[in-house]
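One structure is given below, encoded as structure tokens.
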Amino acid sequence: MAAPPKSRIVAIYPGSFDPITNGHLDLIARGSKLADQLIVAVLENRRKQSLFSVQERVDMLNEVVKPFDNVEVGHFHGLLVDYVAERGANFIIRGIRAISDYEYELQIASMNRRLSPGVETVFLMAAEAYSFVSSQLVKEVASLGGNVSGLVPPIIEEHLKNRVSKRN
């Protein structure tokens with residue numbers, strides 16, 4: 001008699017990733033160890049003014065996640081729980097940098113669980129080196145000509161410099 005098939009653990013790490021930071025990349029590396037498959041999902045938020053288009057963010061993410069065999073990049077709009085169901089995911093991964101992040105993320109996780117009772121959210125604490133890093137702060141520093149090396153992968157730093165120089 002054959003053993004029953006092993007169930008695959010699929011996690012989704014959603015975000016705007018505008019742009020991806022080394023903090024995001026750290027969570028991707030750690031999250032990829034928690035699941036058989038990790039889907040990094042770019043949110044299409046039409047209400048938010050983004051520096052990079054959804055396709056540009058997907059392309060940049062695809063570049064930086066190449067070292068991870070079990071990570072793929074996708075994108076979605078609408079409710080995250082619908083995307084989770086569509087992809088057959090078991091849980092959502094979210095990063096926490098500070099208490100303020102926790103309060104916000106707890107509200108979102110609670111709403112997601114209310115909308116879809118089987119959806120769990122796993123919080124990962126940001127690595128200390130990245131606890132202050134946000135995409136918004138990186139964009140602001142870059143737009144003012146500041147040095148963002150060490151805060152974003154080198155290829156993303158180049159994309160940032162090119163985009164910011166076109167805007168200024």
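Each chain in the structure tokens gets a letter, A, B and so on, in the order shown; residues start at 1 in every chain, and ligands are counted from 1 in the order they appear.
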Tell me which protein, DNA and RNA residues are within 10 Å of Pro14 (chain A), counting only C-alpha atoms, leaving out same-chain ones fewer than 6 positions away, and put them as an mmCIF file with N, CA, C and O atoms, in the first residue's frame.
```
data_model
loop_
_atom_site.group_PDB
_atom_site.id
_atom_site.type_symbol
_atom_site.label_atom_id
_atom_site.label_comp_id
_atom_site.auth_asym_id
_atom_site.auth_seq_id
_atom_site.Cartn_x
_atom_site.Cartn_y
_atom_site.Cartn_z
ATOM 1 N N ILE A 39 5.522 32.186 -2.179
ATOM 2 C CA ILE A 39 5.103 33.073 -3.262
ATOM 3 C C ILE A 39 5.208 34.504 -2.751
ATOM 4 O O ILE A 39 4.521 34.876 -1.794
ATOM 5 N N VAL A 40 6.091 35.274 -3.355
ATOM 6 C CA VAL A 40 6.219 36.689 -3.036
ATOM 7 C C VAL A 40 5.234 37.405 -3.954
ATOM 8 O O VAL A 40 5.372 37.350 -5.179
ATOM 9 N N ALA A 41 4.219 38.012 -3.354
ATOM 10 C CA ALA A 41 3.101 38.547 -4.134
ATOM 11 C C ALA A 41 3.059 40.071 -4.064
ATOM 12 O O ALA A 41 2.882 40.648 -2.989
ATOM 13 N N VAL A 42 3.214 40.702 -5.212
ATOM 14 C CA VAL A 42 3.173 42.157 -5.316
ATOM 15 C C VAL A 42 1.721 42.599 -5.384
ATOM 16 O O VAL A 42 0.959 42.151 -6.247
ATOM 17 N N LEU A 43 1.364 43.484 -4.474
ATOM 18 C CA LEU A 43 0.011 44.032 -4.439
ATOM 19 C C LEU A 43 -0.126 45.141 -5.477
ATOM 20 O O LEU A 43 0.685 46.062 -5.521
ATOM 21 N N VAL A 73 7.519 34.574 -7.805
ATOM 22 C CA VAL A 73 6.958 35.916 -7.687
ATOM 23 C C VAL A 73 5.643 35.966 -8.438
ATOM 24 O O VAL A 73 5.532 35.439 -9.544
ATOM 25 N N GLY A 74 4.656 36.579 -7.819
ATOM 26 C CA GLY A 74 3.354 36.770 -8.448
ATOM 27 C C GLY A 74 2.850 38.165 -8.137
ATOM 28 O O GLY A 74 3.542 38.964 -7.511
ATOM 29 N N HIS A 75 1.640 38.447 -8.573
ATOM 30 C CA HIS A 75 1.019 39.732 -8.228
ATOM 31 C C HIS A 75 -0.478 39.528 -8.147
ATOM 32 O O HIS A 75 -1.042 38.573 -8.711
ATOM 33 N N PHE A 76 -1.125 40.422 -7.407
ATOM 34 C CA PHE A 76 -2.563 40.305 -7.210
ATOM 35 C C PHE A 76 -3.163 41.675 -6.958
ATOM 36 O O PHE A 76 -2.455 42.632 -6.641
ATOM 37 N N LEU A 80 -6.441 39.865 -0.344
ATOM 38 C CA LEU A 80 -5.350 38.908 -0.193
ATOM 39 C C LEU A 80 -5.878 37.503 0.050
ATOM 40 O O LEU A 80 -5.350 36.544 -0.502
ATOM 41 N N TYR A 83 -6.556 35.701 -3.082
ATOM 42 C CA TYR A 83 -5.318 35.253 -3.736
ATOM 43 C C TYR A 83 -4.744 34.035 -3.011
ATOM 44 O O TYR A 83 -4.282 33.086 -3.652
ATOM 45 N N VAL A 84 -4.805 34.038 -1.685
ATOM 46 C CA VAL A 84 -4.336 32.901 -0.892
ATOM 47 C C VAL A 84 -5.100 31.641 -1.297
ATOM 48 O O VAL A 84 -4.510 30.586 -1.529
ATOM 49 N N ILE A 92 0.069 33.106 5.447
ATOM 50 C CA ILE A 92 0.616 34.379 5.002
ATOM 51 C C ILE A 92 1.797 34.709 5.908
ATOM 52 O O ILE A 92 1.729 34.499 7.119
ATOM 53 N N ILE A 93 2.843 35.241 5.331
ATOM 54 C CA ILE A 93 3.991 35.720 6.108
ATOM 55 C C ILE A 93 3.988 37.240 6.079
ATOM 56 O O ILE A 93 3.831 37.846 5.016
ATOM 57 N N ARG A 94 4.177 37.827 7.250
ATOM 58 C CA ARG A 94 4.285 39.283 7.361
ATOM 59 C C ARG A 94 5.455 39.630 8.268
ATOM 60 O O ARG A 94 5.715 38.918 9.244
ATOM 61 N N GLY A 95 6.138 40.702 7.939
ATOM 62 C CA GLY A 95 7.267 41.156 8.735
ATOM 63 C C GLY A 95 6.845 42.210 9.734
ATOM 64 O O GLY A 95 5.957 43.025 9.458
#
```
Checklist entry - What are the DSSP strand (DSSP E or B) residues of region 30-168 of chain A, as a list in words? => result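 Reading the DSSP output for region 30-168 of chain A, strand (DSSP E or B) covers Gln37, Leu38, Ile39, Val40, Ala41, Val42, Leu43, Val71, Glu72, Val73, Gly74, His75, Phe76, Phe91, Ile92, Ile93, Arg94, Gly95, Ile96, Glu120, Thr121, Val122, Phe123, Leu124, Met125, Ser149 and Val152 of chain A.
For the residues A:Ala98, A:Val164, A:Ile20, A:Met125, ranking by smallest atom-to-atom distance to Val58 (chain A) using only C-alpha atoms places A:Ile20 first.
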Item to check | Spatial neighbours of Val133 (chain A), 12 Å, only C-alpha atoms, chain gap at least 3 places, as a PyMOL selection string | outcome: chain A and resi 19-26+95-98+126-130+136-141+148-152
Same residues, N, CA, C and O atoms, saved as a tab-separated table (two decimals), in the first residue's frame:
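The resulting file, selection.tsv, is reproduced below:
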```tsv
chain	number	residue	atom	x	y	z
A	19	PRO	N	10.59	50.06	-3.47
A	19	PRO	CA	11.22	48.87	-4.03
A	19	PRO	C	11.46	47.81	-2.96
A	19	PRO	O	11.26	48.05	-1.77
A	20	ILE	N	11.95	46.65	-3.39
A	20	ILE	CA	12.33	45.61	-2.45
A	20	ILE	C	13.58	46.09	-1.70
A	20	ILE	O	14.46	46.72	-2.28
A	21	THR	N	13.59	45.83	-0.40
A	21	THR	CA	14.73	46.21	0.43
A	21	THR	C	15.45	44.95	0.92
A	21	THR	O	14.95	43.83	0.76
A	22	ASN	N	16.59	45.15	1.54
A	22	ASN	CA	17.30	44.01	2.12
A	22	ASN	C	16.50	43.42	3.29
A	22	ASN	O	16.64	42.24	3.58
A	23	GLY	N	15.67	44.23	3.92
A	23	GLY	CA	14.78	43.69	4.95
A	23	GLY	C	13.77	42.71	4.36
A	23	GLY	O	13.54	41.64	4.91
A	24	HIS	N	13.19	43.07	3.21
A	24	HIS	CA	12.30	42.15	2.51
A	24	HIS	C	13.04	40.87	2.13
A	24	HIS	O	12.52	39.77	2.30
A	25	LEU	N	14.23	41.05	1.59
A	25	LEU	CA	15.01	39.90	1.13
A	25	LEU	C	15.37	38.97	2.29
A	25	LEU	O	15.34	37.75	2.14
A	26	ASP	N	15.64	39.55	3.45
A	26	ASP	CA	15.91	38.74	4.64
A	26	ASP	C	14.67	37.91	5.00
A	26	ASP	O	14.77	36.72	5.31
A	95	GLY	N	6.14	40.70	7.94
A	95	GLY	CA	7.27	41.16	8.73
A	95	GLY	C	6.84	42.21	9.73
A	95	GLY	O	5.96	43.02	9.46
A	96	ILE	N	7.49	42.19	10.88
A	96	ILE	CA	7.22	43.16	11.94
A	96	ILE	C	8.54	43.85	12.27
A	96	ILE	O	9.51	43.20	12.64
A	97	ARG	N	8.56	45.19	12.15
A	97	ARG	CA	9.76	45.95	12.50
A	97	ARG	C	9.63	46.59	13.87
A	97	ARG	O	10.61	46.75	14.57
A	98	ALA	N	8.43	47.02	14.22
A	98	ALA	CA	8.23	47.76	15.46
A	98	ALA	C	6.83	47.48	15.99
A	98	ALA	O	6.00	46.87	15.31
A	126	ALA	N	11.65	41.49	12.06
A	126	ALA	CA	12.72	41.97	11.20
A	126	ALA	C	14.06	41.74	11.87
A	126	ALA	O	14.19	41.84	13.09
A	127	ALA	N	15.07	41.41	11.07
A	127	ALA	CA	16.42	41.32	11.60
A	127	ALA	C	16.80	42.71	12.12
A	127	ALA	O	16.41	43.73	11.55
A	128	GLU	N	17.55	42.74	13.19
A	128	GLU	CA	17.89	44.01	13.83
A	128	GLU	C	18.51	45.00	12.84
A	128	GLU	O	18.20	46.20	12.87
A	129	ALA	N	19.32	44.52	11.94
A	129	ALA	CA	19.99	45.39	10.96
A	129	ALA	C	19.01	46.10	10.05
A	129	ALA	O	19.34	47.14	9.46
A	130	TYR	N	17.79	45.56	9.91
A	130	TYR	CA	16.80	46.14	8.99
A	130	TYR	C	15.56	46.66	9.71
A	130	TYR	O	14.57	47.00	9.06
A	136	GLN	N	9.46	53.16	1.80
A	136	GLN	CA	9.18	54.60	1.77
A	136	GLN	C	10.41	55.41	2.17
A	136	GLN	O	10.77	56.38	1.50
A	137	LEU	N	11.07	54.99	3.23
A	137	LEU	CA	12.26	55.69	3.69
A	137	LEU	C	13.40	55.58	2.67
A	137	LEU	O	14.10	56.57	2.39
A	138	VAL	N	13.56	54.40	2.09
A	138	VAL	CA	14.59	54.21	1.05
A	138	VAL	C	14.32	55.12	-0.14
A	138	VAL	O	15.24	55.77	-0.66
A	139	LYS	N	13.08	55.21	-0.58
A	139	LYS	CA	12.73	56.08	-1.71
A	139	LYS	C	13.04	57.54	-1.38
A	139	LYS	O	13.57	58.28	-2.21
A	140	GLU	N	12.71	57.94	-0.16
A	140	GLU	CA	12.94	59.33	0.23
A	140	GLU	C	14.43	59.65	0.25
A	140	GLU	O	14.87	60.67	-0.28
A	141	VAL	N	15.23	58.78	0.85
A	141	VAL	CA	16.68	58.99	0.91
A	141	VAL	C	17.26	59.03	-0.51
A	141	VAL	O	18.05	59.92	-0.85
A	148	VAL	N	21.90	54.63	-0.38
A	148	VAL	CA	21.04	53.54	0.07
A	148	VAL	C	21.72	52.18	-0.07
A	148	VAL	O	21.07	51.15	0.11
A	149	SER	N	23.02	52.18	-0.35
A	149	SER	CA	23.71	50.89	-0.45
A	149	SER	C	23.67	50.21	0.91
A	149	SER	O	23.76	50.86	1.95
A	150	GLY	N	23.48	48.91	0.89
A	150	GLY	CA	23.32	48.15	2.12
A	150	GLY	C	21.88	48.07	2.59
A	150	GLY	O	21.56	47.25	3.44
A	151	LEU	N	21.03	48.92	2.04
A	151	LEU	CA	19.61	48.89	2.39
A	151	LEU	C	18.79	48.16	1.35
A	151	LEU	O	17.70	47.67	1.66
A	152	VAL	N	19.30	48.10	0.13
A	152	VAL	CA	18.63	47.41	-0.97
A	152	VAL	C	19.69	46.59	-1.70
A	152	VAL	O	20.88	46.92	-1.65
```
Next on the checklist: Excluding Val119 (chain A) and its own-chain neighbours fewer than 4 positions away, which residues fall within 10 Å of it when counting only C-alpha atoms? Please give them as a list in words.
Outcome noted: Val81, Val84, Ala85, Ala89, Asn90, Phe91, Ile92, Ala109, Ser110, Asn112, Arg113, Arg114 and Leu115 of chain A
Put those residues in a file: N, CA and C atoms, as a PDB file, in the first residue's frame.
```pdb
ATOM      1  N   VAL A  81      -6.940  37.371   0.850  1.00  0.00           N
ATOM      2  CA  VAL A  81      -7.459  36.026   1.151  1.00  0.00           C
ATOM      3  C   VAL A  81      -7.960  35.330  -0.108  1.00  0.00           C
ATOM      4  N   VAL A  84      -4.805  34.038  -1.685  1.00  0.00           N
ATOM      5  CA  VAL A  84      -4.336  32.901  -0.892  1.00  0.00           C
ATOM      6  C   VAL A  84      -5.100  31.641  -1.297  1.00  0.00           C
ATOM      7  N   ALA A  85      -6.417  31.753  -1.414  1.00  0.00           N
ATOM      8  CA  ALA A  85      -7.247  30.601  -1.808  1.00  0.00           C
ATOM      9  C   ALA A  85      -6.924  30.169  -3.237  1.00  0.00           C
ATOM     10  N   ALA A  89      -2.575  28.420  -0.807  1.00  0.00           N
ATOM     11  CA  ALA A  89      -1.582  28.656   0.237  1.00  0.00           C
ATOM     12  C   ALA A  89      -2.112  28.251   1.610  1.00  0.00           C
ATOM     13  N   ASN A  90      -1.168  27.903   2.482  1.00  0.00           N
ATOM     14  CA  ASN A  90      -1.502  27.506   3.841  1.00  0.00           C
ATOM     15  C   ASN A  90      -1.440  28.665   4.822  1.00  0.00           C
ATOM     16  N   PHE A  91      -0.570  29.635   4.536  1.00  0.00           N
ATOM     17  CA  PHE A  91      -0.466  30.765   5.443  1.00  0.00           C
ATOM     18  C   PHE A  91       0.184  31.964   4.764  1.00  0.00           C
ATOM     19  N   ILE A  92       0.069  33.106   5.447  1.00  0.00           N
ATOM     20  CA  ILE A  92       0.616  34.379   5.002  1.00  0.00           C
ATOM     21  C   ILE A  92       1.797  34.709   5.908  1.00  0.00           C
ATOM     22  N   ALA A 109      -4.430  40.841   9.973  1.00  0.00           N
ATOM     23  CA  ALA A 109      -4.501  39.380  10.162  1.00  0.00           C
ATOM     24  C   ALA A 109      -5.864  38.975  10.720  1.00  0.00           C
ATOM     25  N   SER A 110      -6.391  39.757  11.636  1.00  0.00           N
ATOM     26  CA  SER A 110      -7.702  39.449  12.215  1.00  0.00           C
ATOM     27  C   SER A 110      -8.806  39.566  11.165  1.00  0.00           C
ATOM     28  N   ASN A 112      -8.364  39.226   7.913  1.00  0.00           N
ATOM     29  CA  ASN A 112      -8.174  38.114   6.979  1.00  0.00           C
ATOM     30  C   ASN A 112      -8.763  36.831   7.545  1.00  0.00           C
ATOM     31  N   ARG A 113      -8.562  36.597   8.832  1.00  0.00           N
ATOM     32  CA  ARG A 113      -9.109  35.385   9.458  1.00  0.00           C
ATOM     33  C   ARG A 113     -10.635  35.436   9.493  1.00  0.00           C
ATOM     34  N   ARG A 114     -11.199  36.619   9.681  1.00  0.00           N
ATOM     35  CA  ARG A 114     -12.658  36.750   9.667  1.00  0.00           C
ATOM     36  C   ARG A 114     -13.215  36.466   8.276  1.00  0.00           C
ATOM     37  N   LEU A 115     -12.534  36.984   7.244  1.00  0.00           N
ATOM     38  CA  LEU A 115     -12.976  36.783   5.863  1.00  0.00           C
ATOM     39  C   LEU A 115     -12.780  35.344   5.410  1.00  0.00           C
TER      40      LEU A 115
END
```
